[in-house]
Protein chains: 2
Amino acid sequence: MQLPTYDDVVAAAARIAGHAHHTPVLRSATADARWGAQFFFKCENFQRMGAFKFRGAFNALSRFDAAQRKAGAIAFSSGNHAQAVALSARLLGMPALIVMPQDAPAAKLAATRGYGAEVVLYDRFTEDREALTLRLAAERGMTLIPPYDHPDVIAGQGTAAKELIEETGPLDRLYVCTGGGGLTSGSALAARALAPQCKVYGVEPEAGNDAQQSLRAGRIVHIPVPQTIADGAQTQHLGEYTFGIIRRDVDDILTVSDAQLVEAMRFFAERMKMVVEPTGCLAFAGACTDAQAIRGARVGVIVSGGNVDLARYADLLAGR
Amino acid sequence: MQLPTYDDVVAAAARIAGHAHHTPVLRSATADARWGAQFFFKCENFQRMGAFKFRGAFNALSRFDAAQRKAGAIAFSSGNHAQAVALSARLLGMPALIVMPQDAPAAKLAATRGYGAEVVLYDRFTEDREALTLRLAAERGMTLIPPYDHPDVIAGQGTAAKELIEETGPLDRLYVCTGGGGLTSGSALAARALAPQCKVYGVEPEAGNDAQQSLRAGRIVHIPVPQTIADGAQTQHLGEYTFGIIRRDVDDILTVSDAQLVEAMRFFAERMKMVVEPTGCLAFAGACTDAQAIRGARVGVIVSGGNVDLARYADLLAGR
């Protein structure tokens, strides 16, 4: 297994240029004063379809050969990866099929179909999602794009940290949310190349600290589906590629509670005027728990996405 | 009375450089597809203290001479102008005194004090705010900075549209919220100079259409305090400077309902991941009511601010 490299991140950046948004890096004088640090927030909540996932999906799909393009892409996801593959396929003029649970939120089903993808529903309690997806992929000759454990996906996700560090100059510390590890490993590739002294931290929900356990154990640890509001980090294990990069290039994995995520979400809304989904709050919440270490430091924070149901968001802001 | 010119906007831009944020211009593929236009959103909700008001206040205060700096600035405001003057004074190392109503929201009092300003409270029902402010200004030798009807304030507000058009190139139409007319007149100065073909529209709440009435009547019309959720546009009349520029350089004043503001606010949250205060939704809501005219056009929208109480914001998102 050959791990992707920073050269792959550079190549991905060229492929997504003009398709993905070059998202802004925002500052907050309030955050800087409160923590005595210099924060640089890379706002992937302003990315197309509302999350960094577009970068990896578009990079992967744009590498398809003619036969693959004709048959199209298939993915299983109830979250941002589904919309990322659907939108990328539409922009590249190829079919997309997304396998989603019957009980996925109506808004997510509508958004995925809105991007022109075909949706196949399955029953989470009686059907095996991966078996179903592999069968459909074989029947239709479609190429499966996994949500994180794929070199092209990892390289695409790494373009966000590349843009961030190219804009800010070297950072002392970089915080990234960790689900399956795609964004974390891609970010680590970029940071190692562009800011070798920069420490890189993944941040997980307390309830789902499989990456932390994996780093400690030196092997990929599997856990049951964690109960957390960070639905984008309810992954049960890292992948082979992502673990390979994380164990080599990431300094540590931190964890935060759901209450800390809500606190960060309220800070983003109140002080930075941004809607950030719970998973997107992981990195900043993690940095804030590192209060001693970030003092006086230049701190990069990847705000990974903003896709949260509005009614749910209103409840979280209101403390309900 | 000499109206400020685009040269004053250029001079203001030089004064605020490095102090005000150069805010991002965001795009929305969803908005573009839905209205068949090309929208460019100038996001002043990401400005320092959360609104464009910082530009005008900082420009005005930075023109103070040594004696004025020593005595400091005074303003009456319960809104964004208070915080803009307070923050500008702190950055420029001078005292600030803000006259605010006793029943102003606690969060706004705290924010204004948080920027280091002295706050004097008055009773809205028994005291005359302007008389009190003028008396305090005379006693302390402080310079009064009005919220909109001042050449330096207008020139400062014009820097947002200047940045927008310099970034996007010529626009066909520019929509701006209209309260006392500071942002509208400053934006018109910038648009007339940088994009002479660009039509410029102010947008008011339906319930408070004094600027529209003034434009029609050819004189400044006064109205009672309007009932609207757009608290930044609850002004009762334009100023002499702002009316002078608006009647000359603005093509028309449009109005929108509170329900249309909430719809725009939900769009910003759901699709663009931005927290926008009700007043900040005026320009986009106005553009959307111009559906025929914006089709095929390059449309600039100034998103003026994001300062809304979180509990109130949650209620508006939830339709309560």
# chains A, B, ... in the order shown; residues from 1 in each chain; ligands from 1
>>> residues_around(residues="Arg248 of chain B", least_positions_apart="3", cutoff="12 Å", atoms="only C-alpha atoms", output="CSV table (one decimal) with N, CA and C atoms, in the first residue's frame")
chain,number,residue,atom,x,y,z
B,3,LEU,N,-20.9,67.9,-0.1
B,3,LEU,CA,-21.1,66.5,0.0
B,3,LEU,C,-19.8,65.8,-0.2
B,184,THR,N,-25.7,53.5,2.3
B,184,THR,CA,-26.3,53.6,0.9
B,184,THR,C,-25.6,54.8,0.2
B,185,SER,N,-25.4,55.9,0.9
B,185,SER,CA,-24.8,57.0,0.1
B,185,SER,C,-23.3,56.8,-0.1
B,188,ALA,N,-23.1,54.4,-3.0
B,188,ALA,CA,-23.4,55.1,-4.2
B,188,ALA,C,-22.2,55.8,-4.7
B,189,LEU,N,-21.5,56.5,-3.8
B,189,LEU,CA,-20.2,57.2,-4.3
B,189,LEU,C,-19.2,56.3,-4.9
B,192,ARG,N,-20.7,54.8,-8.4
B,192,ARG,CA,-20.7,55.8,-9.5
B,192,ARG,C,-19.3,56.0,-10.0
B,200,VAL,N,-27.9,51.5,-8.6
B,200,VAL,CA,-27.8,51.4,-7.1
B,200,VAL,C,-29.1,51.5,-6.4
B,215,LEU,N,-37.4,60.2,-1.4
B,215,LEU,CA,-36.9,60.3,-2.8
B,215,LEU,C,-38.1,60.7,-3.7
B,218,GLY,N,-38.9,64.5,-2.9
B,218,GLY,CA,-37.8,65.5,-3.2
B,218,GLY,C,-37.4,66.3,-1.9
B,241,TYR,N,-26.7,65.2,4.5
B,241,TYR,CA,-25.7,64.7,3.6
B,241,TYR,C,-26.2,63.4,2.9
B,242,THR,N,-26.8,62.5,3.6
B,242,THR,CA,-27.1,61.2,3.0
B,242,THR,C,-28.2,61.4,2.0
B,243,PHE,N,-29.2,62.3,2.3
B,243,PHE,CA,-30.3,62.6,1.3
B,243,PHE,C,-29.7,63.2,0.1
B,244,GLY,N,-28.7,64.2,0.3
B,244,GLY,CA,-28.1,64.9,-0.9
B,244,GLY,C,-27.5,63.9,-1.9
B,245,ILE,N,-26.8,62.9,-1.3
B,245,ILE,CA,-26.1,61.9,-2.2
B,245,ILE,C,-27.2,60.9,-2.8
B,251,ASP,N,-30.6,55.0,-7.7
B,251,ASP,CA,-31.7,54.8,-8.7
B,251,ASP,C,-33.1,54.7,-8.1
B,252,ASP,N,-33.2,54.0,-7.0
B,252,ASP,CA,-34.5,53.9,-6.4
B,252,ASP,C,-34.3,53.3,-5.0
>>> interface_residues(of="chain A", to="chain B", cutoff="6 Å", atoms="only C-alpha atoms", output="PyMOL selection string")
chain A and resi 273-275+306+311+314+318
>>> select_by_dssp(residues="segment 52-184 of chain A", states="alpha helix (DSSP H)", output="short mmCIF file (atom, residue, chain, number, x, y, z; two decimals) with C-alpha atoms, in the first residue's frame")
data_model
loop_
_atom_site.label_atom_id
_atom_site.label_comp_id
_atom_site.auth_asym_id
_atom_site.auth_seq_id
_atom_site.Cartn_x
_atom_site.Cartn_y
_atom_site.Cartn_z
CA LYS A 53 -15.81 16.86 1.44
CA PHE A 54 -16.26 18.43 -1.99
CA ARG A 55 -12.48 18.70 -2.37
CA GLY A 56 -11.79 14.99 -2.02
CA ALA A 57 -14.77 13.80 -4.02
CA PHE A 58 -14.10 16.15 -6.92
CA ASN A 59 -10.43 15.18 -7.00
CA ALA A 60 -11.26 11.48 -7.02
CA LEU A 61 -13.94 11.71 -9.72
CA ALA A 66 -13.41 7.53 -20.07
CA ALA A 67 -15.03 4.21 -19.22
CA GLN A 68 -15.36 5.12 -15.54
CA ARG A 69 -16.89 8.48 -16.42
CA LYS A 70 -19.47 6.81 -18.63
CA ALA A 71 -20.59 4.41 -15.90
CA ASN A 80 -21.65 15.30 3.45
CA HIS A 81 -19.81 12.72 1.33
CA ALA A 82 -23.06 11.83 -0.43
CA GLN A 83 -23.65 15.40 -1.50
CA ALA A 84 -19.99 15.86 -2.39
CA VAL A 85 -20.02 12.89 -4.78
CA ALA A 86 -23.41 13.89 -6.20
CA LEU A 87 -22.32 17.46 -6.91
CA SER A 88 -18.91 16.45 -8.27
CA ALA A 89 -20.53 13.93 -10.63
CA ARG A 90 -22.95 16.53 -11.92
CA LEU A 91 -20.17 19.05 -12.52
CA ALA A 106 -35.52 14.26 4.35
CA ALA A 107 -33.40 17.38 3.80
CA LYS A 108 -30.31 15.29 3.07
CA LEU A 109 -32.21 13.02 0.66
CA ALA A 110 -33.61 16.08 -1.10
CA ALA A 111 -30.21 17.78 -1.29
CA THR A 112 -28.54 14.68 -2.74
CA ARG A 113 -31.30 14.25 -5.32
CA GLY A 114 -31.16 18.00 -5.93
CA ARG A 129 -24.94 -1.40 3.24
CA GLU A 130 -21.54 -2.38 1.90
CA ALA A 131 -22.76 -5.60 0.32
CA LEU A 132 -25.63 -3.73 -1.34
CA THR A 133 -23.29 -1.03 -2.62
CA LEU A 134 -20.75 -3.51 -3.98
CA ARG A 135 -23.52 -5.44 -5.75
CA LEU A 136 -24.88 -2.26 -7.35
CA ALA A 137 -21.38 -1.17 -8.32
CA ALA A 138 -20.73 -4.52 -10.02
CA GLU A 139 -24.10 -4.57 -11.79
CA ARG A 140 -23.64 -1.09 -13.21
CA PRO A 151 -5.57 8.23 -1.79
CA ASP A 152 -7.37 10.67 -4.09
CA VAL A 153 -9.89 11.59 -1.40
CA ILE A 154 -7.12 12.18 1.15
CA ALA A 155 -5.08 14.26 -1.33
CA GLY A 156 -8.14 16.38 -2.14
CA GLN A 157 -8.93 17.03 1.52
CA GLY A 158 -5.32 18.13 2.03
CA THR A 159 -5.84 21.13 -0.26
CA ALA A 160 -7.68 23.03 2.49
CA ALA A 161 -4.65 23.04 4.82
CA LYS A 162 -2.42 23.81 1.83
CA GLU A 163 -4.46 26.93 1.05
CA LEU A 164 -4.52 27.89 4.72
CA ILE A 165 -0.76 27.71 5.27
CA GLU A 166 0.03 29.33 1.93
CA GLU A 167 -2.13 32.25 3.00
CA THR A 168 -1.01 32.59 6.62
CA GLY A 182 -9.43 11.83 5.54
CA LEU A 183 -9.20 15.51 6.43
CA THR A 184 -6.72 14.86 9.24
#
>>> select_by_dssp(residues="segment 66-239 of chain B", states="strand (DSSP E)", output="ChimeraX atom specification")
/B:73-76,96-101,118-122,143-144,173-177,199-205
>>> write_last_selection(atoms="N, CA, C and O atoms", output="short mmCIF file (atom, residue, chain, number, x, y, z; two decimals), in the first residue's frame")
data_model
loop_
_atom_site.label_atom_id
_atom_site.label_comp_id
_atom_site.auth_asym_id
_atom_site.auth_seq_id
_atom_site.Cartn_x
_atom_site.Cartn_y
_atom_site.Cartn_z
N ALA B 73 -14.24 60.72 21.93
CA ALA B 73 -15.44 60.72 21.08
C ALA B 73 -16.67 60.40 21.91
O ALA B 73 -16.61 59.63 22.88
N ILE B 74 -17.80 60.98 21.51
CA ILE B 74 -19.07 60.68 22.15
C ILE B 74 -20.09 60.34 21.07
O ILE B 74 -20.04 60.87 19.96
N ALA B 75 -20.99 59.41 21.40
CA ALA B 75 -22.02 59.01 20.43
C ALA B 75 -23.25 58.57 21.20
O ALA B 75 -23.16 58.14 22.35
N PHE B 76 -24.42 58.72 20.56
CA PHE B 76 -25.63 58.11 21.14
C PHE B 76 -26.10 57.04 20.18
O PHE B 76 -26.22 57.25 18.99
N ALA B 96 -13.94 57.14 25.04
CA ALA B 96 -15.22 57.16 24.34
C ALA B 96 -16.33 57.12 25.37
O ALA B 96 -16.22 56.45 26.39
N LEU B 97 -17.39 57.88 25.08
CA LEU B 97 -18.57 57.88 25.94
C LEU B 97 -19.77 57.61 25.05
O LEU B 97 -19.98 58.28 24.04
N ILE B 98 -20.55 56.61 25.44
CA ILE B 98 -21.72 56.24 24.63
C ILE B 98 -22.98 56.43 25.47
O ILE B 98 -23.06 55.93 26.59
N VAL B 99 -23.92 57.16 24.92
CA VAL B 99 -25.20 57.39 25.58
C VAL B 99 -26.19 56.35 25.08
O VAL B 99 -26.47 56.28 23.88
N MET B 100 -26.66 55.51 25.99
CA MET B 100 -27.54 54.39 25.59
C MET B 100 -28.80 54.38 26.45
O MET B 100 -28.76 54.78 27.61
N PRO B 101 -29.91 53.90 25.91
CA PRO B 101 -31.14 53.81 26.72
C PRO B 101 -31.00 52.79 27.85
O PRO B 101 -30.33 51.77 27.68
N GLU B 118 -17.02 54.27 28.23
CA GLU B 118 -17.90 54.63 29.33
C GLU B 118 -19.33 54.71 28.78
O GLU B 118 -19.55 55.20 27.67
N VAL B 119 -20.28 54.18 29.53
CA VAL B 119 -21.67 54.20 29.08
C VAL B 119 -22.49 55.07 30.02
O VAL B 119 -22.40 54.92 31.24
N VAL B 120 -23.25 56.01 29.48
CA VAL B 120 -24.20 56.80 30.27
C VAL B 120 -25.61 56.39 29.84
O VAL B 120 -25.93 56.38 28.65
N LEU B 121 -26.41 55.99 30.82
CA LEU B 121 -27.76 55.53 30.51
C LEU B 121 -28.76 56.66 30.65
O LEU B 121 -28.59 57.56 31.47
N TYR B 122 -29.81 56.62 29.85
CA TYR B 122 -30.88 57.61 29.98
C TYR B 122 -32.22 56.90 29.88
O TYR B 122 -32.32 55.77 29.40
N THR B 143 -15.90 65.12 21.01
CA THR B 143 -16.43 65.31 19.66
C THR B 143 -17.55 64.30 19.39
O THR B 143 -17.34 63.09 19.53
N LEU B 144 -18.69 64.82 18.99
CA LEU B 144 -19.85 63.95 18.71
C LEU B 144 -19.72 63.33 17.32
O LEU B 144 -19.51 64.04 16.33
N ARG B 173 -26.00 45.76 -10.95
CA ARG B 173 -26.90 46.28 -9.93
C ARG B 173 -26.25 46.08 -8.57
O ARG B 173 -25.62 45.06 -8.31
N LEU B 174 -26.45 47.06 -7.69
CA LEU B 174 -25.92 46.96 -6.32
C LEU B 174 -27.05 47.26 -5.34
O LEU B 174 -27.73 48.28 -5.47
N TYR B 175 -27.26 46.35 -4.40
CA TYR B 175 -28.32 46.50 -3.39
C TYR B 175 -27.70 46.73 -2.02
O TYR B 175 -26.77 46.01 -1.62
N VAL B 176 -28.24 47.71 -1.30
CA VAL B 176 -27.67 48.14 -0.02
C VAL B 176 -28.82 48.42 0.94
O VAL B 176 -29.84 48.99 0.54
N CYS B 177 -28.66 48.06 2.21
CA CYS B 177 -29.71 48.39 3.17
C CYS B 177 -29.69 49.89 3.47
O CYS B 177 -28.64 50.52 3.47
N LYS B 199 -26.58 50.17 -11.54
CA LYS B 199 -27.71 50.78 -10.86
C LYS B 199 -27.60 50.49 -9.35
O LYS B 199 -27.23 49.38 -8.97
N VAL B 200 -27.92 51.49 -8.55
CA VAL B 200 -27.77 51.36 -7.10
C VAL B 200 -29.14 51.49 -6.44
O VAL B 200 -29.88 52.44 -6.70
N TYR B 201 -29.47 50.51 -5.58
CA TYR B 201 -30.76 50.49 -4.90
C TYR B 201 -30.57 50.44 -3.40
O TYR B 201 -29.80 49.62 -2.89
N GLY B 202 -31.29 51.28 -2.70
CA GLY B 202 -31.40 51.15 -1.25
C GLY B 202 -32.61 50.29 -0.93
O GLY B 202 -33.59 50.28 -1.69
N VAL B 203 -32.54 49.56 0.17
CA VAL B 203 -33.68 48.72 0.56
C VAL B 203 -34.04 49.00 2.01
O VAL B 203 -33.20 48.93 2.91
N GLU B 204 -35.31 49.31 2.23
CA GLU B 204 -35.83 49.65 3.56
C GLU B 204 -36.88 48.64 4.00
O GLU B 204 -37.52 47.99 3.17
N PRO B 205 -37.14 48.58 5.30
CA PRO B 205 -38.31 47.82 5.74
C PRO B 205 -39.60 48.54 5.30
O PRO B 205 -39.66 49.77 5.35
#
>>> atom_distance(atom1="atom CA of Val256 of chain A", atom2="atom CA of Glu206 of chain A")
5.2 Å
>>> atom_distance(atom1="atom CA of Gln38 of chain B", atom2="atom CA of Ile294 of chain B")
8.5 Å
>>> residues_around(residues="Gly232 of chain B", least_positions_apart="5", cutoff="9 Å", atoms="only C-alpha atoms", output="NGL selection string")
:B and (79-80 or 178-180 or 277-280)
>>> write_last_selection(atoms="N, CA, C and O atoms", output="mmCIF file, in the first residue's frame")
data_model
loop_
_atom_site.group_PDB
_atom_site.id
_atom_site.type_symbol
_atom_site.label_atom_id
_atom_site.label_comp_id
_atom_site.auth_asym_id
_atom_site.auth_seq_id
_atom_site.Cartn_x
_atom_site.Cartn_y
_atom_site.Cartn_z
ATOM 1 N N GLY B 79 -27.174 50.653 19.079
ATOM 2 C CA GLY B 79 -26.885 49.585 18.140
ATOM 3 C C GLY B 79 -25.424 49.488 17.766
ATOM 4 O O GLY B 79 -24.522 49.722 18.583
ATOM 5 N N ASN B 80 -25.183 49.146 16.507
ATOM 6 C CA ASN B 80 -23.834 48.859 16.036
ATOM 7 C C ASN B 80 -22.923 50.078 16.064
ATOM 8 O O ASN B 80 -21.706 49.939 16.217
ATOM 9 N N THR B 178 -30.872 50.438 3.736
ATOM 10 C CA THR B 178 -30.977 51.866 4.014
ATOM 11 C C THR B 178 -31.638 52.087 5.366
ATOM 12 O O THR B 178 -32.784 51.696 5.581
ATOM 13 N N GLY B 179 -30.854 52.667 6.294
ATOM 14 C CA GLY B 179 -31.419 53.141 7.556
ATOM 15 C C GLY B 179 -31.379 54.658 7.493
ATOM 16 O O GLY B 179 -32.221 55.291 6.876
ATOM 17 N N GLY B 180 -30.330 55.234 8.077
ATOM 18 C CA GLY B 180 -30.139 56.678 7.946
ATOM 19 C C GLY B 180 -29.458 57.059 6.640
ATOM 20 O O GLY B 180 -29.317 58.241 6.328
ATOM 21 N N GLU B 277 -27.886 39.541 10.744
ATOM 22 C CA GLU B 277 -28.941 40.192 11.524
ATOM 23 C C GLU B 277 -30.057 40.649 10.592
ATOM 24 O O GLU B 277 -29.847 40.782 9.370
ATOM 25 N N PRO B 278 -31.262 40.896 11.118
ATOM 26 C CA PRO B 278 -32.387 41.257 10.240
ATOM 27 C C PRO B 278 -32.065 42.418 9.302
ATOM 28 O O PRO B 278 -32.337 42.336 8.097
ATOM 29 N N THR B 279 -31.448 43.480 9.825
ATOM 30 C CA THR B 279 -31.113 44.620 8.971
ATOM 31 C C THR B 279 -30.159 44.202 7.855
ATOM 32 O O THR B 279 -30.247 44.711 6.730
ATOM 33 N N GLY B 280 -29.279 43.277 8.156
ATOM 34 C CA GLY B 280 -28.320 42.797 7.168
ATOM 35 C C GLY B 280 -28.945 41.995 6.050
ATOM 36 O O GLY B 280 -28.297 41.731 5.029
#
>>> decode(residues="segment 113-125 of chain B", atoms="N, CA and C atoms", output="compact mmCIF listing (two decimals), in the first residue's frame")
# COMPACT_ATOMS: atom_id res chain seq x y z
N ARG B 113 -19.25 48.27 26.77
CA ARG B 113 -18.32 48.41 27.88
C ARG B 113 -17.09 47.53 27.66
N GLY B 114 -17.30 46.38 27.07
CA GLY B 114 -16.20 45.46 26.80
C GLY B 114 -15.15 46.08 25.89
N TYR B 115 -15.57 47.00 25.03
CA TYR B 115 -14.61 47.70 24.18
C TYR B 115 -13.99 48.88 24.90
N GLY B 116 -14.28 49.02 26.18
CA GLY B 116 -13.60 50.03 26.98
C GLY B 116 -14.30 51.38 27.04
N ALA B 117 -15.49 51.50 26.50
CA ALA B 117 -16.18 52.79 26.51
C ALA B 117 -16.91 53.00 27.84
N GLU B 118 -17.02 54.27 28.23
CA GLU B 118 -17.90 54.63 29.33
C GLU B 118 -19.33 54.71 28.78
N VAL B 119 -20.28 54.18 29.53
CA VAL B 119 -21.67 54.20 29.08
C VAL B 119 -22.49 55.07 30.02
N VAL B 120 -23.25 56.01 29.48
CA VAL B 120 -24.20 56.80 30.27
C VAL B 120 -25.61 56.39 29.84
N LEU B 121 -26.41 55.99 30.82
CA LEU B 121 -27.76 55.53 30.51
C LEU B 121 -28.76 56.66 30.65
N TYR B 122 -29.81 56.62 29.85
CA TYR B 122 -30.88 57.61 29.98
C TYR B 122 -32.22 56.90 29.88
N ASP B 123 -33.24 57.59 30.33
CA ASP B 123 -34.60 57.06 30.32
C ASP B 123 -35.29 57.52 29.04
N ARG B 124 -35.62 56.57 28.18
CA ARG B 124 -36.17 56.92 26.87
C ARG B 124 -37.49 57.68 26.96
N PHE B 125 -38.17 57.52 28.09
CA PHE B 125 -39.51 58.10 28.19
C PHE B 125 -39.51 59.49 28.81
